[in-house]
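Inspection log for the structure reproduced underneath, given as structure tokens.
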Amino acid sequence: MTPGRTIAHYEILGKIGEGGMGAVYKARDTHLNRIVAIKILPPEAIIDDMRRQRFIQEAQAASSIDHPNIVTVYDVSEEGGINFIVMQHVVGKTLRAMTSRGRLEWSVALGCAIQIADALSRAHARGIIHRDLKPENIMVTEQGQVKILDFGLALLAGIDPNYLPAGRQAATRTIEPRLHTEAGTLLGTLAYMSPEQIEARKVDARSDIFSFGLVLYEMVTGNRAFSSTTNASTIAAILREEPKPAGAFVPGLPAEFERIIGRCLKKDPGRRFQHMDDLKVALEEIREESGFGALPAPRSRILLPVAIGILVVAILGGRMWWLTRSPTVKSPSGPALIRLTSDPGLSSEPSLSPDGKVIAYASDRGGENNLDIWVQQLAGGEPHQITKNPSDDREPSFSPDGSKIAFRSEREGGGIYVVSTFGGAERKIASEGRRPRFSPNG
């Protein structure tokens, strides 16, 4: 494709890049007079009408997602035997380019991760699984906004022969990776596949969560979680090995951030985060506690805030110097912090009883590789396990009188359950549902 050539009503302006699924060109839409990106698909990508139709269905579904962190698909078409996709033109860098010289600051990686999780949460809610999440498919604009590319292109790689149209069937799609395992050759996509993709097992949104964990690990540490020299050894590492803890590479990385990455990378999908929106909330809590998370603005935009910050620090420093010289000034005492849990596993989603005396939370401290509901007196004493089911129980919420706890459980297809605050029979009150809350009258 040379500059000046026209495909349909798109004038080619220049080449942007090239990858395994085709070349991307900057172009001008002569009908709407706007700049777009066109991906020209290689002839071998669409080998039959059935695969082409599946891809068009997926592209149509992806184009219906109105989200600021997902690149908009404008058109999927064919002209003169050339199949192409027309997308929003994004000016920025891929995460691959951003991490090519080393890891990102963990606060910057956190800001990226929250945006990615938010976008995938919206896609999963529409029944759309990305299936090919990797640093090359994630761009960051000059303003620090994340854009996810290439929804649906995994279909063209022959990964999904039993594709069903987007909808509630998405959780039962079967993935059959077409892998090349010759020694010395490493496919980029393979390094970001989940164990169930590699083993051709049924795949749902939790596969994207594993791939998300791999991308997050690489952003934070600057290293691939499973780095090997051949495809065969990469497959073996993904299926059987555990990555080196992210904290080993990053001094000062919050322990909760490291636990979140570790949980995304669990081999068993049942032990990962079950929903991307839960993962997003967990990341947002780290941002709120740390006060970080936003991506840095372009240099020209940070000079004034930096100058103001220096001035403020100078003023405050002078003020503190004067106060410390005055013998009459007493240092104010801060609030007392009480640590309630100290187990090595995951404890999350705390809920405080209305009288402020009891806390309920989800934890895997029982050692059965699943989350259960636990309660603990704030005054002291040992925690008490309320639920004991092999499926995950989470998102506890107290009734107004504190006598009952509602929670989400993955048992029996998932639903909302109620149990006495101090144990007893659990009662299912609704199928489906998330984050239960009692009405004021209970």
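Identifiers in the structure tokens: chain A, B, ... in order shown; residue index from 1 per chain; ligand index from 1 in order shown.
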
Extract, using only C-alpha atoms, all DNA, RNA and protein residues at most 6 Å from segment 265-278 of chain A, discarding same-chain residues fewer than 5 positions from it, and format them as a PyMOL selection string. chain A and resi 121+210+213

Taking only C-alpha atoms into account, which of A:Ser63, A:Ser227, A:Asn69, A:Thr141 comes nearest Asp118 of chain A? A:Asn69

Rounded to one decimal in Å, what is the spacing between atom CA of Tyr74 of chain A and atom CA of Pro3 of chain A? 21.0 Å

Using only C-alpha atoms, determine which residues lie at most 10 Å from segment 205-209 of chain A, disregarding the query and same-chain residues fewer than 5 positions distant; provide the list as an MDAnalysis selection string. chainID A and resid 117 120:121 123:125 127:134 170:172 192:197 214:215 261 263:266 268:276 279

Just the selected residues (N, CA and C atoms), exported as a short mmCIF file (atom, residue, chain, number, x, y, z; two decimals), in the first residue's frame, please.
```
data_model
loop_
_atom_site.label_atom_id
_atom_site.label_comp_id
_atom_site.auth_asym_id
_atom_site.auth_seq_id
_atom_site.Cartn_x
_atom_site.Cartn_y
_atom_site.Cartn_z
N ALA A 117 -8.78 -2.63 32.97
CA ALA A 117 -9.79 -3.44 33.65
C ALA A 117 -11.19 -2.89 33.41
N LEU A 120 -12.21 -3.90 29.82
CA LEU A 120 -12.52 -5.33 29.70
C LEU A 120 -13.79 -5.67 30.46
N SER A 121 -14.04 -5.00 31.57
CA SER A 121 -15.28 -5.23 32.31
C SER A 121 -16.49 -4.92 31.43
N ALA A 123 -16.55 -4.91 28.10
CA ALA A 123 -16.61 -5.89 27.02
C ALA A 123 -17.18 -7.22 27.52
N HIS A 124 -16.72 -7.66 28.69
CA HIS A 124 -17.21 -8.93 29.23
C HIS A 124 -18.70 -8.86 29.54
N ALA A 125 -19.17 -7.71 29.98
CA ALA A 125 -20.60 -7.56 30.25
C ALA A 125 -21.42 -7.71 28.98
N GLY A 127 -20.55 -9.88 26.72
CA GLY A 127 -20.29 -11.23 26.24
C GLY A 127 -19.12 -11.33 25.29
N ILE A 128 -18.24 -10.31 25.27
CA ILE A 128 -17.12 -10.28 24.34
C ILE A 128 -15.82 -10.50 25.10
N ILE A 129 -15.07 -11.52 24.70
CA ILE A 129 -13.78 -11.83 25.30
C ILE A 129 -12.70 -11.43 24.30
N HIS A 130 -11.66 -10.76 24.78
CA HIS A 130 -10.63 -10.28 23.86
C HIS A 130 -9.82 -11.43 23.27
N ARG A 131 -9.32 -12.33 24.14
CA ARG A 131 -8.60 -13.55 23.75
C ARG A 131 -7.16 -13.32 23.28
N ASP A 132 -6.77 -12.06 23.10
CA ASP A 132 -5.41 -11.82 22.60
C ASP A 132 -4.83 -10.56 23.25
N LEU A 133 -5.05 -10.44 24.56
CA LEU A 133 -4.56 -9.26 25.28
C LEU A 133 -3.05 -9.37 25.47
N LYS A 134 -2.33 -8.35 25.05
CA LYS A 134 -0.87 -8.32 25.16
C LYS A 134 -0.42 -6.87 25.02
N ALA A 170 -20.96 -16.61 25.56
CA ALA A 170 -19.52 -16.33 25.53
C ALA A 170 -18.75 -17.14 26.55
N ALA A 171 -19.39 -17.48 27.67
CA ALA A 171 -18.68 -18.19 28.73
C ALA A 171 -18.40 -19.64 28.38
N THR A 172 -18.97 -20.14 27.25
CA THR A 172 -18.78 -21.54 26.91
C THR A 172 -18.04 -21.73 25.59
N TYR A 192 1.21 -14.79 26.26
CA TYR A 192 0.15 -14.14 27.03
C TYR A 192 -1.13 -14.97 27.03
N MET A 193 -1.02 -16.25 26.71
CA MET A 193 -2.18 -17.14 26.74
C MET A 193 -2.40 -17.69 28.14
N SER A 194 -3.64 -17.98 28.44
CA SER A 194 -3.98 -18.61 29.72
C SER A 194 -3.77 -20.12 29.61
N PRO A 195 -3.64 -20.82 30.75
CA PRO A 195 -3.49 -22.28 30.69
C PRO A 195 -4.63 -22.97 29.96
N GLU A 196 -5.85 -22.48 30.15
CA GLU A 196 -6.98 -23.15 29.50
C GLU A 196 -6.97 -22.92 27.99
N GLN A 197 -6.45 -21.78 27.53
CA GLN A 197 -6.30 -21.59 26.08
C GLN A 197 -5.30 -22.60 25.51
N LEU A 214 -0.67 -11.15 33.25
CA LEU A 214 0.64 -11.22 32.58
C LEU A 214 1.09 -9.84 32.12
N VAL A 215 0.15 -9.07 31.56
CA VAL A 215 0.48 -7.71 31.11
C VAL A 215 0.83 -6.83 32.31
N ILE A 261 -1.84 -9.25 41.56
CA ILE A 261 -1.16 -9.82 40.38
C ILE A 261 -1.09 -11.34 40.51
N ARG A 263 -3.03 -13.33 42.16
CA ARG A 263 -4.34 -13.99 42.02
C ARG A 263 -4.79 -14.02 40.57
N CYS A 264 -4.45 -13.00 39.80
CA CYS A 264 -4.77 -13.04 38.36
C CYS A 264 -4.07 -14.21 37.67
N LEU A 265 -2.90 -14.60 38.17
CA LEU A 265 -2.07 -15.61 37.50
C LEU A 265 -2.24 -17.01 38.07
N LYS A 266 -3.31 -17.24 38.80
CA LYS A 266 -3.59 -18.60 39.28
C LYS A 266 -3.86 -19.52 38.09
N ASP A 268 -5.61 -22.29 38.06
CA ASP A 268 -7.02 -22.70 38.11
C ASP A 268 -7.90 -21.46 37.95
N PRO A 269 -8.73 -21.39 36.92
CA PRO A 269 -9.59 -20.21 36.75
C PRO A 269 -10.47 -19.93 37.96
N GLY A 270 -10.84 -20.98 38.69
CA GLY A 270 -11.69 -20.80 39.86
C GLY A 270 -11.03 -20.06 41.00
N ARG A 271 -9.69 -19.96 40.97
CA ARG A 271 -8.96 -19.28 42.04
C ARG A 271 -8.56 -17.86 41.65
N ARG A 272 -8.82 -17.48 40.42
CA ARG A 272 -8.56 -16.11 40.01
C ARG A 272 -9.71 -15.20 40.45
N PHE A 273 -9.55 -13.91 40.18
CA PHE A 273 -10.72 -13.04 40.24
C PHE A 273 -11.75 -13.61 39.27
N GLN A 274 -13.00 -13.63 39.69
CA GLN A 274 -14.03 -14.22 38.84
C GLN A 274 -14.64 -13.21 37.87
N HIS A 275 -14.51 -11.95 38.19
CA HIS A 275 -15.10 -10.91 37.35
C HIS A 275 -14.14 -9.73 37.25
N MET A 276 -14.03 -9.16 36.07
CA MET A 276 -13.11 -8.06 35.87
C MET A 276 -13.50 -6.82 36.67
N LEU A 279 -11.89 -7.00 40.01
CA LEU A 279 -10.47 -6.71 39.89
C LEU A 279 -10.25 -5.20 39.79
#
```
